[in-house]
file target.txt (compact mmCIF, C-alpha atoms and all ligand atoms)
# COMPACT_ATOMS: atom_id res chain seq x y z
CA MET A 18 -31.18 -22.71 -78.72
CA ASN A 19 -32.60 -25.43 -80.92
CA GLN A 20 -36.41 -25.45 -80.85
CA LEU A 21 -36.68 -29.11 -79.88
CA VAL A 22 -34.25 -28.84 -77.00
CA ARG A 23 -36.03 -25.72 -75.87
CA LYS A 24 -39.38 -27.48 -75.88
CA SER A 25 -38.11 -30.42 -73.88
CA LEU A 26 -36.55 -28.04 -71.37
CA ILE A 27 -39.89 -26.35 -70.89
CA LYS A 28 -41.47 -29.72 -70.27
CA ARG A 29 -38.87 -30.73 -67.73
CA SER A 30 -38.94 -27.51 -65.82
CA ILE A 31 -42.32 -27.33 -64.20
CA LEU A 32 -41.09 -26.02 -60.91
CA ASP A 33 -42.88 -24.82 -57.88
CA VAL A 34 -41.12 -21.50 -57.52
CA GLY A 35 -44.31 -19.45 -57.20
CA ASP A 36 -45.36 -16.98 -59.85
CA ARG A 37 -45.05 -19.34 -62.84
CA ARG A 38 -48.00 -19.66 -65.18
CA GLY A 39 -48.70 -19.86 -68.90
CA SER A 40 -46.68 -21.37 -71.71
CA ALA A 41 -44.22 -19.09 -73.57
CA ALA A 42 -40.54 -19.52 -72.70
CA LEU A 43 -38.45 -17.40 -70.35
CA GLU A 44 -34.85 -18.25 -69.61
CA ASN A 45 -34.34 -18.31 -65.86
CA PHE A 46 -31.31 -19.22 -63.79
CA ILE A 47 -32.39 -21.63 -61.08
CA LEU A 48 -30.73 -23.05 -58.00
CA THR A 49 -31.86 -26.68 -58.13
CA GLY A 50 -29.84 -27.90 -55.16
CA PHE A 51 -27.66 -26.31 -52.44
CA GLY A 52 -23.98 -26.27 -53.32
CA LYS A 53 -24.63 -26.55 -57.07
CA PRO A 54 -24.18 -24.06 -59.92
CA LEU A 55 -27.36 -22.49 -61.25
CA GLU A 56 -29.15 -24.16 -64.14
CA LEU A 57 -30.53 -22.21 -67.05
CA ARG A 58 -34.04 -23.41 -67.70
CA CYS A 59 -36.89 -22.29 -69.89
CA GLU A 60 -40.04 -21.71 -67.96
CA GLY A 61 -43.56 -20.54 -68.59
CA GLU A 62 -44.44 -16.92 -69.24
CA VAL A 63 -45.93 -15.17 -66.25
CA GLU A 64 -49.07 -13.10 -66.14
CA PRO A 65 -50.05 -10.63 -63.41
CA GLN A 66 -53.52 -10.79 -61.87
CA GLY A 67 -55.39 -8.39 -59.58
CA ASP A 68 -52.91 -6.13 -57.76
CA GLU A 69 -49.88 -7.92 -59.22
CA VAL A 70 -47.36 -6.33 -61.57
CA LEU A 71 -44.94 -7.95 -63.99
CA ILE A 72 -41.38 -6.67 -64.07
CA GLU A 73 -38.84 -7.47 -66.76
CA VAL A 74 -35.59 -7.56 -64.85
CA THR A 75 -33.00 -5.23 -66.39
CA ARG A 76 -30.53 -5.14 -63.46
CA CYS A 77 -29.89 -7.51 -60.58
CA GLY A 78 -27.16 -6.95 -58.01
CA VAL A 79 -25.15 -9.94 -56.82
CA CYS A 80 -24.89 -10.06 -53.05
CA HIS A 81 -23.01 -12.22 -50.53
CA THR A 82 -26.38 -13.50 -49.35
CA ASP A 83 -26.93 -15.05 -52.81
CA VAL A 84 -23.67 -16.92 -52.39
CA SER A 85 -24.65 -18.09 -48.88
CA ILE A 86 -28.03 -19.31 -50.11
CA GLN A 87 -26.36 -21.12 -53.00
CA LYS A 88 -24.03 -22.80 -50.50
CA GLY A 89 -26.97 -23.64 -48.26
CA TYR A 90 -25.75 -22.00 -45.06
CA TYR A 91 -24.31 -18.91 -43.38
CA GLU A 92 -21.01 -19.24 -41.55
CA LEU A 93 -21.59 -18.00 -38.00
CA GLY A 94 -17.98 -18.21 -36.90
CA GLY A 95 -16.49 -20.68 -34.45
CA GLY A 96 -17.42 -23.53 -36.81
CA LYS A 97 -21.14 -22.84 -36.37
CA ARG A 98 -23.50 -22.73 -39.34
CA TYR A 99 -26.99 -21.44 -39.91
CA SER A 100 -28.63 -23.62 -42.50
CA MET A 101 -31.03 -22.35 -45.17
CA GLN A 102 -33.13 -25.46 -44.79
CA GLU A 103 -33.76 -24.51 -41.15
CA ARG A 104 -34.98 -21.14 -42.43
CA GLY A 105 -37.55 -22.96 -44.54
CA MET A 106 -35.73 -22.43 -47.83
CA LYS A 107 -35.71 -25.31 -50.23
CA PRO A 108 -34.57 -25.46 -53.88
CA PRO A 109 -35.69 -24.80 -56.53
CA ILE A 110 -34.91 -21.15 -55.78
CA ILE A 111 -34.54 -18.25 -58.17
CA LEU A 112 -31.97 -16.04 -56.47
CA GLY A 113 -31.42 -12.28 -56.75
CA HIS A 114 -33.00 -9.76 -54.37
CA GLU A 115 -31.47 -6.52 -55.72
CA ILE A 116 -33.80 -5.94 -58.62
CA ALA A 117 -34.58 -3.10 -60.99
CA GLY A 118 -36.61 -3.48 -64.13
CA ARG A 119 -39.26 -2.31 -66.54
CA LEU A 120 -42.95 -2.71 -65.90
CA VAL A 121 -44.28 -4.83 -68.77
CA ALA A 122 -47.76 -5.79 -67.57
CA LYS A 123 -50.07 -5.23 -64.63
CA GLY A 124 -53.23 -6.67 -63.15
CA GLN A 125 -56.46 -4.67 -63.08
CA GLY A 126 -55.93 -3.48 -59.53
CA ALA A 127 -52.51 -1.90 -60.17
CA ASP A 128 -53.44 1.49 -61.57
CA ASP A 129 -50.77 3.66 -59.92
CA VAL A 130 -47.82 2.43 -62.01
CA GLN A 131 -46.99 2.90 -65.68
CA ILE A 132 -46.15 0.26 -68.25
CA GLY A 133 -42.71 0.89 -69.81
CA LYS A 134 -41.39 2.76 -66.78
CA SER A 135 -38.35 1.62 -64.72
CA TYR A 136 -38.72 0.73 -61.06
CA ALA A 137 -36.67 -0.74 -58.25
CA VAL A 138 -38.38 -3.63 -56.48
CA TYR A 139 -38.62 -3.75 -52.68
CA PRO A 140 -37.78 -7.44 -52.16
CA TRP A 141 -38.47 -7.91 -48.43
CA ILE A 142 -42.13 -8.78 -48.78
CA GLY A 143 -44.01 -10.35 -45.90
CA CYS A 144 -47.26 -12.22 -45.35
CA ASP A 145 -49.24 -8.97 -44.97
CA GLU A 146 -51.02 -10.41 -41.93
CA CYS A 147 -48.65 -10.79 -38.98
CA MET A 148 -47.93 -8.11 -36.38
CA MET A 149 -44.67 -7.13 -38.12
CA CYS A 150 -46.31 -6.71 -41.52
CA ARG A 151 -49.26 -4.78 -40.07
CA GLY A 152 -46.76 -2.43 -38.41
CA GLY A 153 -44.93 -1.76 -41.69
CA GLN A 154 -41.96 -3.98 -40.85
CA GLU A 155 -42.40 -6.64 -43.52
CA ASN A 156 -38.66 -7.25 -43.48
CA PHE A 157 -39.15 -8.84 -40.01
CA CYS A 158 -42.09 -11.01 -41.12
CA THR A 159 -42.13 -14.49 -39.62
CA SER A 160 -43.53 -16.01 -42.85
CA PRO A 161 -41.50 -14.04 -45.38
CA ARG A 162 -42.04 -14.19 -49.13
CA PHE A 163 -38.87 -12.36 -50.10
CA HIS A 164 -37.91 -12.02 -53.75
CA GLY A 165 -34.82 -14.11 -54.40
CA LEU A 166 -35.36 -16.31 -51.34
CA GLN A 167 -38.90 -17.68 -51.03
CA ARG A 168 -40.29 -15.91 -54.12
CA ALA A 169 -38.72 -15.75 -57.60
CA GLY A 170 -35.86 -13.26 -57.71
CA GLY A 171 -33.93 -11.27 -60.29
CA HIS A 172 -32.26 -14.29 -61.89
CA ALA A 173 -35.58 -14.76 -63.66
CA GLU A 174 -36.18 -12.80 -66.84
CA ARG A 175 -39.52 -11.58 -65.53
CA ILE A 176 -41.00 -11.62 -62.06
CA VAL A 177 -44.46 -11.10 -60.68
CA VAL A 178 -44.44 -8.63 -57.79
CA PRO A 179 -47.56 -9.11 -55.63
CA ASN A 180 -48.48 -5.44 -55.37
CA SER A 181 -47.48 -2.23 -57.13
CA ARG A 182 -46.69 -0.62 -53.76
CA TYR A 183 -43.42 -2.59 -53.76
CA LEU A 184 -42.27 -0.71 -56.87
CA VAL A 185 -40.26 2.45 -56.33
CA ASP A 186 -39.91 4.97 -59.14
CA ILE A 187 -36.22 5.41 -60.01
CA GLU A 188 -36.45 8.06 -62.68
CA GLY A 189 -33.19 10.01 -62.83
CA ILE A 190 -31.00 7.48 -61.06
CA ASP A 191 -28.91 4.63 -62.47
CA PRO A 192 -31.00 1.41 -62.41
CA GLY A 193 -27.96 -0.67 -61.38
CA LEU A 194 -27.37 1.55 -58.36
CA ALA A 195 -31.06 1.58 -57.51
CA ALA A 196 -31.03 -2.23 -57.55
CA THR A 197 -28.16 -2.40 -55.05
CA TYR A 198 -29.92 0.06 -52.74
CA ALA A 199 -32.54 -2.66 -52.04
CA CYS A 200 -30.08 -4.66 -49.95
CA SER A 201 -26.70 -3.21 -49.02
CA GLY A 202 -27.85 0.42 -49.27
CA LEU A 203 -31.06 -0.22 -47.36
CA THR A 204 -29.26 -2.22 -44.66
CA SER A 205 -26.88 0.70 -44.07
CA TYR A 206 -29.65 3.29 -44.23
CA SER A 207 -31.86 1.46 -41.74
CA ALA A 208 -28.95 1.04 -39.30
CA ILE A 209 -28.19 4.78 -39.49
CA ARG A 210 -31.85 5.60 -38.82
CA LYS A 211 -31.63 3.56 -35.60
CA LEU A 212 -28.91 5.82 -34.18
CA GLY A 213 -31.39 8.34 -32.87
CA PRO A 214 -31.74 12.13 -33.16
CA LYS A 215 -28.40 13.20 -31.62
CA ALA A 216 -26.37 11.27 -34.20
CA ARG A 217 -26.53 13.95 -36.88
CA THR A 218 -24.46 16.45 -34.96
CA GLU A 219 -22.50 14.32 -32.48
CA ASN A 220 -19.75 11.68 -32.90
CA ILE A 221 -20.74 8.41 -34.46
CA LEU A 222 -18.52 5.41 -35.17
CA LEU A 223 -18.78 2.95 -38.06
CA ILE A 224 -16.87 -0.28 -37.44
CA GLY A 225 -15.83 -2.05 -40.65
CA ALA A 226 -15.32 -0.15 -43.90
CA GLY A 227 -16.14 -2.92 -46.38
CA GLY A 228 -19.07 -2.60 -48.78
CA LEU A 229 -21.72 -1.94 -46.12
CA GLY A 230 -19.52 0.36 -44.04
CA GLN A 231 -18.59 2.44 -47.09
CA SER A 232 -22.20 2.67 -48.12
CA ALA A 233 -23.16 3.74 -44.57
CA LEU A 234 -20.49 6.43 -44.64
CA ASN A 235 -21.82 7.77 -47.96
CA ILE A 236 -25.39 7.73 -46.72
CA ALA A 237 -24.53 9.39 -43.38
CA LEU A 238 -22.66 12.17 -45.18
CA ALA A 239 -25.51 12.65 -47.68
CA LEU A 240 -27.89 12.94 -44.71
CA GLY A 241 -25.73 15.73 -43.32
CA PHE A 242 -24.08 13.83 -40.44
CA GLU A 243 -21.26 16.00 -39.18
CA ARG A 244 -18.88 13.75 -37.26
CA VAL A 245 -18.39 10.27 -38.67
CA THR A 246 -15.42 8.17 -37.51
CA VAL A 247 -14.60 4.94 -39.34
CA ALA A 248 -12.68 2.03 -37.79
CA ASP A 249 -11.05 -0.64 -39.91
CA ILE A 250 -7.92 -2.74 -39.53
CA ASP A 251 -7.17 -2.41 -43.27
CA PRO A 252 -5.18 0.77 -44.08
CA VAL A 253 -6.50 0.77 -47.67
CA LYS A 254 -10.08 0.86 -46.44
CA ARG A 255 -9.23 3.60 -43.93
CA GLU A 256 -7.76 5.65 -46.75
CA LEU A 257 -10.86 5.10 -48.89
CA ALA A 258 -13.01 6.23 -45.96
CA THR A 259 -10.93 9.39 -45.54
CA LYS A 260 -11.24 10.13 -49.25
CA ALA A 261 -14.99 9.59 -49.08
CA GLY A 262 -15.23 12.23 -46.34
CA ALA A 263 -14.91 10.48 -42.96
CA THR A 264 -14.15 12.99 -40.20
CA ASP A 265 -11.65 10.62 -38.63
CA VAL A 266 -10.37 7.06 -39.06
CA ILE A 267 -8.98 4.65 -36.48
CA ASP A 268 -7.18 1.33 -36.56
CA PRO A 269 -8.95 -0.85 -33.98
CA GLY A 270 -6.03 -3.28 -34.06
CA ASP A 271 -3.61 -0.58 -32.92
CA LEU A 272 -5.23 2.27 -31.04
CA GLY A 273 -1.89 3.38 -29.52
CA ASP A 274 -2.56 5.78 -26.64
CA ARG A 275 -5.85 6.81 -28.12
CA SER A 276 -8.95 5.96 -26.12
CA VAL A 277 -12.32 5.64 -27.82
CA GLY A 278 -14.24 4.69 -24.65
CA GLY A 279 -17.38 6.68 -23.91
CA GLN A 280 -17.09 9.01 -26.90
CA PHE A 281 -19.81 8.12 -29.36
CA VAL A 282 -23.58 8.63 -29.26
CA GLY A 283 -23.96 5.92 -31.88
CA VAL A 284 -21.95 2.97 -33.15
CA ILE A 285 -22.79 0.73 -36.10
CA ASP A 286 -20.92 -2.55 -36.14
CA PHE A 287 -20.65 -4.00 -39.65
CA VAL A 288 -18.25 -6.71 -38.49
CA GLY A 289 -20.13 -8.41 -35.68
CA ASN A 290 -17.48 -10.44 -33.90
CA ALA A 291 -16.32 -10.42 -30.28
CA LYS A 292 -13.64 -7.76 -30.83
CA SER A 293 -15.82 -5.34 -32.78
CA ALA A 294 -18.71 -5.71 -30.33
CA THR A 295 -16.44 -5.10 -27.33
CA LEU A 296 -15.00 -2.01 -29.00
CA GLY A 297 -18.43 -0.75 -30.08
CA ILE A 298 -20.10 -1.12 -26.70
CA GLU A 299 -17.15 0.46 -24.86
CA ALA A 300 -17.10 3.36 -27.32
CA LEU A 301 -20.64 4.45 -26.39
CA CYS A 302 -21.17 7.53 -24.28
CA ARG A 303 -24.02 7.66 -21.76
CA GLY A 304 -27.31 7.06 -23.53
CA GLY A 305 -25.49 5.75 -26.60
CA ILE A 306 -26.88 3.25 -29.10
CA TYR A 307 -24.91 0.28 -30.44
CA VAL A 308 -26.39 -1.15 -33.65
CA ILE A 309 -25.15 -4.55 -34.78
CA VAL A 310 -25.43 -5.46 -38.46
CA GLY A 311 -22.39 -7.69 -39.14
CA LEU A 312 -22.72 -11.46 -38.92
CA LEU A 313 -19.13 -12.57 -38.60
CA GLY A 314 -20.03 -14.43 -35.44
CA GLY A 315 -18.76 -15.07 -31.95
CA GLN A 316 -19.85 -14.16 -28.45
CA ILE A 317 -18.99 -11.73 -25.67
CA GLU A 318 -19.44 -11.66 -21.95
CA LEU A 319 -21.34 -8.60 -20.86
CA SER A 320 -21.87 -7.19 -17.37
CA LEU A 321 -25.54 -6.34 -17.11
CA PRO A 322 -25.64 -3.43 -14.59
CA PRO A 323 -23.74 -1.00 -16.88
CA ILE A 324 -26.41 -1.43 -19.56
CA ALA A 325 -28.86 0.15 -17.14
CA LEU A 326 -26.40 2.47 -15.41
CA ARG A 327 -24.78 4.05 -18.46
CA PRO A 328 -27.64 3.58 -19.86
CA ILE A 329 -27.06 2.16 -23.34
CA ALA A 330 -29.07 0.40 -26.03
CA ILE A 331 -27.98 -2.68 -27.99
CA VAL A 332 -29.97 -3.01 -31.18
CA GLY A 333 -29.91 -5.50 -34.07
CA SER A 334 -30.59 -4.36 -37.61
CA LEU A 335 -31.54 -6.37 -40.68
CA THR A 336 -32.31 -4.91 -44.14
CA GLY A 337 -34.95 -2.17 -43.85
CA THR A 338 -38.61 -1.27 -44.32
CA LEU A 339 -40.42 -0.23 -47.50
CA THR A 340 -40.70 3.32 -46.12
CA GLU A 341 -36.93 3.42 -45.53
CA PHE A 342 -36.34 2.12 -49.06
CA ARG A 343 -38.45 4.96 -50.50
CA GLU A 344 -36.55 7.48 -48.35
CA LEU A 345 -33.22 6.09 -49.57
CA ILE A 346 -34.25 6.30 -53.24
CA ASP A 347 -35.41 9.89 -52.60
CA LEU A 348 -32.01 10.64 -51.04
CA ALA A 349 -30.28 9.21 -54.14
CA LYS A 350 -32.45 11.43 -56.33
CA THR A 351 -31.11 14.54 -54.59
CA GLY A 352 -27.68 13.75 -56.10
CA ARG A 353 -26.00 14.09 -52.68
CA LEU A 354 -25.25 10.38 -52.33
CA ASN A 355 -21.77 9.29 -53.45
CA GLU A 356 -22.19 6.53 -55.99
CA THR A 357 -20.83 3.05 -55.30
CA GLU A 358 -18.62 1.61 -58.02
CA LEU A 359 -20.55 -0.88 -60.18
CA GLU A 360 -19.43 -3.49 -62.65
CA LEU A 361 -22.09 -4.59 -65.12
CA VAL A 362 -22.02 -8.28 -66.05
CA PRO A 363 -24.26 -9.80 -68.77
CA ARG A 364 -26.89 -12.05 -67.17
CA ARG A 365 -25.74 -15.08 -69.20
CA LEU A 366 -22.66 -15.00 -66.91
CA THR A 367 -24.72 -15.28 -63.71
CA ASN A 368 -22.83 -18.35 -62.46
CA GLU A 369 -19.46 -16.70 -63.09
CA ALA A 370 -20.64 -13.58 -61.23
CA LEU A 371 -21.62 -15.68 -58.18
CA ASP A 372 -18.21 -17.41 -58.31
CA ARG A 373 -16.45 -14.06 -58.34
CA VAL A 374 -18.40 -12.78 -55.33
CA ARG A 375 -17.72 -16.03 -53.46
CA GLU A 376 -14.00 -15.75 -54.19
CA GLY A 377 -13.85 -12.02 -53.48
CA ARG A 378 -12.73 -11.20 -57.05
CA ILE A 379 -14.68 -7.97 -57.19
CA ARG A 380 -14.25 -4.24 -56.94
CA GLY A 381 -17.39 -2.41 -55.97
CA ARG A 382 -20.63 -4.23 -56.74
CA LEU A 383 -21.41 -6.72 -59.51
CA VAL A 384 -24.70 -6.09 -61.25
CA LEU A 385 -26.20 -8.50 -63.78
CA THR A 386 -27.62 -6.80 -66.79
CA ARG A 387 -30.05 -7.91 -69.43
CA GLU A 388 -28.58 -8.05 -72.91
CA THR A 389 -30.63 -6.12 -75.40
ZN ZN B 401 -45.87 -11.00 -41.98
ZN ZN B 402 -28.28 -8.82 -50.26
call {"tool": "encode", "arguments": {"input": "target.txt", "output": "structure tokens"}}
result
Amino acid sequence: MNQLVRKSLIKRSILDVGDRRGSAALENFILTGFGKPLELRCEGEVEPQGDEVLIEVTRCGVCHTDVSIQKGYYELGGGKRYSMQERGMKPPIILGHEIAGRLVAKGQGADDVQIGKSYAVYPWIGCDECMMCRGGQENFCTSPRFHGLQRAGGHAERIVVPNSRYLVDIEGIDPGLAATYACSGLTSYSAIRKLGPKARTENILLIGAGGLGQSALNIALALGFERVTVADIDPVKRELATKAGATDVIDPGDLGDRSVGGQFVGVIDFVGNAKSATLGIEALCRGGIYVIVGLLGGQIELSLPPIALRPIAIVGSLTGTLTEFRELIDLAKTGRLNETELELVPRRLTNEALDRVREGRIRGRLVLTRET
């Protein structure tokens, strides 16, 4: 880029996206308005202070959430929308919450991490003060400062992470995979953890074998779960699940004379519409736990007495905690976790990568990579 143009870009791009200080130029992709493509802008160099650490982003997974934020809303089904503005999100935003990178600088208080080493970043950072944060559930914080949403994400060249405790050592595992574990992997892992102690040896059911469902299957098998059934209406996905090691697969659109009612100690619903929820809740045995992750949308009518009489639990699940993220990275380090297929895309093609995710033109996961 011509020096003059570069200088004027720096001048024009004094944005309040947190974390920006100093003067040298970094090329960051920025969402300047909902519904618009990202703009490449040069911004000031960043410098960590106190407990902060500075990460040079080497990998950043592209997730459906990025696409929803770019659009400005989530589709809730039935024509309903959940707007980002209502969630307190306002451009400029630097997207990207699946981040792995190299530690390039640290504040004086961050003495437990090493410069030059690769880490995955836990992005679901809270206010550190509310009841959720104090209880170790920052991902449920009511004043979140998540990387890639309220705080600069992996579409920046470098990001300041507020504390070194959010860095997880990924030595020995692929940094692209580690990055994707921060969102899809962690979401699946946390949902599995909610199934309770009987789930490892008894029947569990995963509804929906898309990205999250497949990742949940891999994680459950790596954790030693013995009886995992997968339900999906798509025969290709059912076949993939069988190949990956599912104990059984079912077509929820055509159960034939097969009954699934009352047979599972745990169900995770990665679809989240009226049909999947009805199937999932009916499939529970006494004392069973239904975990809902999917956000496809809709509503069901539910008789209340059976909840107490059967008795069952209906639980929502969203991303996961820092502790769960560390456990998941440890699980990956054992080598037992089947690897998700990744496609590396140079970060200069960030807009194209978002387009492809929006249009479903992907196989496996897209991961932006820094050109060296
Ligand atoms: Zn909080
Ligand atoms: Zn995500």
call {"tool": "residues_near_ligand", "arguments": {"input": "target.txt", "ligand": "ligand ZN 402 (chain B)", "cutoff": "12 Å", "atoms": "all atoms listed in the file", "output": "MDAnalysis selection string"}}
result
chainID A and resid 77:86 112:116 139:141 163:166 170:171 196:205 228:229 335:337 374 382:384
call {"tool": "axis_aligned_box", "arguments": {"input": "target.txt", "around": "region 291-305 of chain A", "padding_each_side": "3 Å", "output": "JSON"}}
result
{"center_x": -20.5, "center_y": -1.4, "center_z": -27.3, "size_x": 19.7, "size_y": 24.1, "size_z": 17.0}
call {"tool": "closest_residue", "arguments": {"input": "target.txt", "among": "A:Leu43, A:Ala195, A:Leu93, A:Ile306", "to": "Gly213 (chain A)", "atoms": "all atoms listed in the file"}}
result
A:Ile306
call {"tool": "residues_around", "arguments": {"input": "target.txt", "residues": "Asp347 (chain A)", "least_positions_apart": "6", "cutoff": "10 Å", "atoms": "all atoms listed in the file", "output": "number ranges by chain"}}
result
A: 185-187, 190, 341
call {"tool": "atom_distance", "arguments": {"input": "target.txt", "atom1": "CA of Gly67 (chain A)", "atom2": "CA of Ala127 (chain A)"}}
result
7.1 Å
call {"tool": "closest_residue", "arguments": {"input": "target.txt", "among": "A:Ile324, A:Ala258, A:Leu184, A:Leu296", "to": "Ser276 (chain A)", "atoms": "only C-alpha atoms"}}
result
A:Leu296
call {"tool": "build_atoms", "arguments": {"input": "target.txt", "residues": "region 184-192 of chain A", "atoms": "all heavy atoms", "output": "mmCIF file, in the coordinates of the input"}}
result
data_model
loop_
_atom_site.group_PDB
_atom_site.id
_atom_site.type_symbol
_atom_site.label_atom_id
_atom_site.label_comp_id
_atom_site.auth_asym_id
_atom_site.auth_seq_id
_atom_site.Cartn_x
_atom_site.Cartn_y
_atom_site.Cartn_z
ATOM 1 N N LEU A 184 -43.087 -1.315 -55.812
ATOM 2 C CA LEU A 184 -42.270 -0.710 -56.870
ATOM 3 C C LEU A 184 -41.936 0.721 -56.479
ATOM 4 O O LEU A 184 -42.800 1.465 -56.031
ATOM 5 C CB LEU A 184 -43.036 -0.699 -58.199
ATOM 6 C CG LEU A 184 -43.495 -2.046 -58.742
ATOM 7 C CD1 LEU A 184 -44.108 -1.857 -60.130
ATOM 8 C CD2 LEU A 184 -42.359 -3.059 -58.791
ATOM 9 N N VAL A 185 -40.674 1.089 -56.650
ATOM 10 C CA VAL A 185 -40.260 2.450 -56.330
ATOM 11 C C VAL A 185 -39.714 3.093 -57.601
ATOM 12 O O VAL A 185 -38.822 2.534 -58.252
ATOM 13 C CB VAL A 185 -39.197 2.465 -55.200
ATOM 14 C CG1 VAL A 185 -38.825 3.889 -54.838
ATOM 15 C CG2 VAL A 185 -39.716 1.733 -53.971
ATOM 16 N N ASP A 186 -40.296 4.235 -57.940
ATOM 17 C CA ASP A 186 -39.910 4.970 -59.140
ATOM 18 C C ASP A 186 -38.439 5.405 -59.048
ATOM 19 O O ASP A 186 -38.032 5.999 -58.051
ATOM 20 C CB ASP A 186 -40.841 6.197 -59.209
ATOM 21 C CG ASP A 186 -40.595 7.055 -60.425
ATOM 22 O OD1 ASP A 186 -39.513 6.942 -61.033
ATOM 23 O OD2 ASP A 186 -41.491 7.842 -60.760
ATOM 24 N N ILE A 187 -37.655 5.084 -60.078
ATOM 25 C CA ILE A 187 -36.220 5.410 -60.010
ATOM 26 C C ILE A 187 -35.806 6.379 -61.113
ATOM 27 O O ILE A 187 -34.633 6.427 -61.484
ATOM 28 C CB ILE A 187 -35.347 4.128 -60.065
ATOM 29 C CG1 ILE A 187 -35.707 3.275 -61.291
ATOM 30 C CG2 ILE A 187 -35.487 3.338 -58.793
ATOM 31 C CD1 ILE A 187 -34.741 2.114 -61.523
ATOM 32 N N GLU A 188 -36.762 7.117 -61.606
ATOM 33 C CA GLU A 188 -36.450 8.060 -62.680
ATOM 34 C C GLU A 188 -35.298 8.989 -62.259
ATOM 35 O O GLU A 188 -35.304 9.528 -61.160
ATOM 36 C CB GLU A 188 -37.678 8.898 -63.018
ATOM 37 C CG GLU A 188 -37.589 9.453 -64.415
ATOM 38 C CD GLU A 188 -38.928 10.029 -64.872
ATOM 39 O OE1 GLU A 188 -39.970 9.379 -64.628
ATOM 40 O OE2 GLU A 188 -38.890 11.126 -65.429
ATOM 41 N N GLY A 189 -34.295 9.092 -63.118
ATOM 42 C CA GLY A 189 -33.190 10.010 -62.830
ATOM 43 C C GLY A 189 -32.007 9.360 -62.136
ATOM 44 O O GLY A 189 -30.964 9.982 -61.989
ATOM 45 N N ILE A 190 -32.175 8.132 -61.657
ATOM 46 C CA ILE A 190 -31.000 7.480 -61.060
ATOM 47 C C ILE A 190 -30.662 6.186 -61.820
ATOM 48 O O ILE A 190 -31.517 5.572 -62.440
ATOM 49 C CB ILE A 190 -31.111 7.204 -59.542
ATOM 50 C CG1 ILE A 190 -32.396 6.464 -59.200
ATOM 51 C CG2 ILE A 190 -31.030 8.465 -58.743
ATOM 52 C CD1 ILE A 190 -32.480 6.101 -57.731
ATOM 53 N N ASP A 191 -29.387 5.811 -61.762
ATOM 54 C CA ASP A 191 -28.910 4.630 -62.470
ATOM 55 C C ASP A 191 -29.649 3.377 -61.969
ATOM 56 O O ASP A 191 -29.674 3.128 -60.757
ATOM 57 C CB ASP A 191 -27.399 4.504 -62.206
ATOM 58 C CG ASP A 191 -26.805 3.325 -62.919
ATOM 59 O OD1 ASP A 191 -26.997 2.171 -62.462
ATOM 60 O OD2 ASP A 191 -26.145 3.549 -63.937
ATOM 61 N N PRO A 192 -30.240 2.582 -62.875
ATOM 62 C CA PRO A 192 -31.000 1.410 -62.410
ATOM 63 C C PRO A 192 -30.131 0.374 -61.684
ATOM 64 O O PRO A 192 -30.614 -0.314 -60.776
ATOM 65 C CB PRO A 192 -31.596 0.827 -63.697
ATOM 66 C CG PRO A 192 -30.831 1.426 -64.827
ATOM 67 C CD PRO A 192 -30.291 2.739 -64.341
#
